[in-house]
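*Asks:* The structure is given below, and queries will be raised subsequently.
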Amino acid sequence: MYGIVNKAIEDLVIANFGEEKWEAIKERSGIDIDFFISSEPYDDDVTFKLAVAVSEEMKMSVGDVLIAFGEWWVVKTTTEKYPGLMDSGGTNLKEFLINLPNFHNRVMLIYPKLTPPEFKVSDVTENGLHLHYFSKRQGLQEFVRGLIQGLGKMFDTPLTLELLQTRDEGSTHEIFKINW
């Protein structure tokens with residue numbers, strides 16, 4: 001993953017718990033990196049070690065850490081650093097989710113070494129849809145849940161979210177049922 005992801009984890013921790021807590025998390029993770037360069041790729045293992053260290057230090061499940069980070073990613077990181085990119089996704093939650101399959105094509109112009117997930121949309125109604133999530137990376141479905149919840153906050157649209165299928169139970173990909 002790119003350094004911007006790890007930097008966003010750092011920002012989330014510092015904003016909510018302070019610099020000392022971040023230093024404790026970094027030490028617990030065993031990662032010997034002084035600072036993350038946003039535009040540089042890092043091994044996925046660095047990000048997962050940070051998530052586990054946050055989980056242990058904050059006494060939260062890794063899933064809850066990933067959900068919180070997903071929300072932070074949308075509400076703080078992308079809306080502050082890439083407002084034009086986020087605005088290009090749509091003017092409301094439904095438009096943004098329908099446009100999500102093409103979103104990472106634009107992101108790859110900024111981060112050419114990105115290995116993005118793939119999204120597909122089905123069962124679109126006036127008040128909901130099914131979002132299909134395909135990724136080579138395992139263990140990030142709760143991050144995606146947080147991203148979706150963050151989009152609901154960004155568009156000031158309360159939503160409900162249900163995981164219909166998961167790779168954890170033998171499926172080929174995750175399907176989230178989203179209603180607003």
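The chains in the structure tokens are called A, B, ... from first to last as shown; in each chain the residues are counted from 1, and the ligands are counted from 1 in the order shown.
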Stretch 11-84 of chain A near stretch 153-156 of chain A within 9 Å: what's each residue's closest atom pair and its distance in Å to one decimal, counting only C-alpha atoms, ordered by chain then ascending residue number, as CSV?
*Replies:*
residue,atom,partner,partner_atom,distance
A:Glu71,CA,A:Lys153,CA,8.3
A:Val74,CA,A:Met154,CA,7.3
A:Val75,CA,A:Met154,CA,6.0
A:Thr79,CA,A:Met154,CA,8.4
*Asks:* As a PyMOL selection string, please: every residue in stretch 13-159 of chain A that DSSP puts in alpha helix (DSSP H).
*Replies:* chain A and resi 13-17+19-29+44-58+62-72+79-81+83-87+93-110+141-154
*Asks:* Run DSSP on the backbone and grab whatever in stretch 14-153 of chain A lands in strand (DSSP E); send it over as a ChimeraX atom specification.
*Replies:* /A:118-125,128-134
*Asks:* So which one's closest to A:Val46, A:Val107, A:Val62, A:Ile31, A:Leu131? Using only C-alpha atoms, please.
*Replies:*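 So, comparing all the options, the nearest one is A:Ile31.
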*Asks:* Write out as a PyMOL selection string the residues lying within 8 Å of stretch 110-116 of chain A, counting only C-alpha atoms and excluding same-chain residues fewer than 2 positions away.
*Replies:* chain A and resi 1-2+39+41+104+106-108+118+135
*Asks:* Restricted to all heavy atoms, what would the selected residues look like written as a compact mmCIF listing (two decimals), in the first residue's frame?
*Replies:*
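Final output, part_9.txt:
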# COMPACT_ATOMS: atom_id res chain seq x y z
N MET A 1 0.84 -1.17 0.00
CA MET A 1 0.00 0.00 0.00
C MET A 1 0.89 1.24 0.00
O MET A 1 2.02 1.19 0.43
CB MET A 1 -0.90 0.00 1.23
CG MET A 1 -1.96 -1.08 1.17
SD MET A 1 -3.18 -0.85 2.45
CE MET A 1 -3.72 -2.53 2.60
N TYR A 2 0.31 2.30 -0.48
CA TYR A 2 1.06 3.54 -0.52
C TYR A 2 1.20 4.15 0.87
O TYR A 2 0.37 3.91 1.76
CB TYR A 2 0.37 4.54 -1.45
CG TYR A 2 0.81 4.39 -2.89
CD1 TYR A 2 0.17 3.52 -3.74
CD2 TYR A 2 1.90 5.11 -3.38
CE1 TYR A 2 0.58 3.37 -5.06
CE2 TYR A 2 2.31 4.97 -4.69
CZ TYR A 2 1.66 4.10 -5.53
OH TYR A 2 2.07 3.95 -6.82
N SER A 39 3.62 9.21 -1.38
CA SER A 39 3.63 8.72 -2.76
C SER A 39 4.49 7.47 -2.97
O SER A 39 4.63 7.01 -4.09
CB SER A 39 4.12 9.83 -3.68
OG SER A 39 5.43 10.22 -3.31
N PRO A 41 5.27 3.38 -2.37
CA PRO A 41 4.62 2.12 -1.97
C PRO A 41 5.37 1.45 -0.82
O PRO A 41 6.60 1.51 -0.76
CB PRO A 41 4.66 1.27 -3.24
CG PRO A 41 5.71 1.86 -4.10
CD PRO A 41 5.92 3.28 -3.66
N HIS A 104 -11.32 3.98 -9.09
CA HIS A 104 -9.90 3.65 -8.95
C HIS A 104 -9.12 3.87 -10.25
O HIS A 104 -7.90 3.98 -10.21
CB HIS A 104 -9.71 2.24 -8.42
CG HIS A 104 -9.91 2.16 -6.94
ND1 HIS A 104 -11.05 1.67 -6.37
CD2 HIS A 104 -9.12 2.56 -5.91
CE1 HIS A 104 -10.96 1.75 -5.06
NE2 HIS A 104 -9.79 2.29 -4.75
N ARG A 106 -9.28 6.61 -11.88
CA ARG A 106 -8.78 7.98 -11.67
C ARG A 106 -7.68 7.99 -10.60
O ARG A 106 -6.70 8.71 -10.72
CB ARG A 106 -9.94 8.90 -11.28
CG ARG A 106 -10.90 9.15 -12.42
CD ARG A 106 -11.93 10.20 -12.08
NE ARG A 106 -12.88 9.81 -11.06
CZ ARG A 106 -14.03 9.19 -11.28
NH1 ARG A 106 -14.36 8.86 -12.52
NH2 ARG A 106 -14.83 8.88 -10.29
N VAL A 107 -7.85 7.18 -9.57
CA VAL A 107 -6.85 7.12 -8.49
C VAL A 107 -5.52 6.61 -9.05
O VAL A 107 -4.45 7.08 -8.64
CB VAL A 107 -7.34 6.23 -7.33
CG1 VAL A 107 -6.26 6.05 -6.28
CG2 VAL A 107 -8.60 6.82 -6.70
N MET A 108 -5.58 5.67 -9.99
CA MET A 108 -4.35 5.11 -10.56
C MET A 108 -3.54 6.14 -11.35
O MET A 108 -2.35 5.96 -11.56
CB MET A 108 -4.66 3.88 -11.41
CG MET A 108 -5.03 2.69 -10.53
SD MET A 108 -5.53 1.23 -11.44
CE MET A 108 -4.08 0.89 -12.41
N GLU A 118 -11.55 -4.11 -6.93
CA GLU A 118 -12.54 -3.90 -7.99
C GLU A 118 -13.92 -3.89 -7.33
O GLU A 118 -14.18 -4.68 -6.42
CB GLU A 118 -12.46 -5.03 -9.01
CG GLU A 118 -13.40 -4.90 -10.16
CD GLU A 118 -13.29 -6.05 -11.15
OE1 GLU A 118 -12.29 -6.77 -11.14
OE2 GLU A 118 -14.24 -6.21 -11.94
N SER A 135 -10.92 -8.23 -4.25
CA SER A 135 -9.58 -7.76 -3.95
C SER A 135 -8.63 -8.94 -3.84
O SER A 135 -9.01 -10.02 -3.41
CB SER A 135 -9.58 -6.98 -2.64
OG SER A 135 -8.27 -6.55 -2.34
*Asks:* I'd like the contact shell of A:Ile148 - 12 Å cut-off, only C-alpha atoms, skipping same-chain residues fewer than 5 positions apart - returned as JSON, numbers by chain.
*Replies:* {"A": [66, 67, 68, 69, 70, 71, 72, 73, 74, 75, 93, 94, 96, 97, 100, 130, 131, 133, 141, 142, 143, 153, 154, 155, 157, 158, 159, 160, 161, 162, 163, 176, 177, 178, 179, 180]}
*Asks:* Go through A:Gly139, A:Gly63, A:Ile9, A:Leu147 and flag the residue nearest A:Glu174, using only C-alpha atoms for the distances.
*Replies:*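 Closest to A:Glu174 of all the choices is A:Gly139.
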*Asks:* So the first atom is atom CA of A:Arg137 and the second is atom CA of A:Ile4; what is the distance between them in Å, to one decimal place?
*Replies:*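 Computing the Euclidean distance for atom CA of A:Arg137 and atom CA of A:Ile4 yields 17.4 Å.
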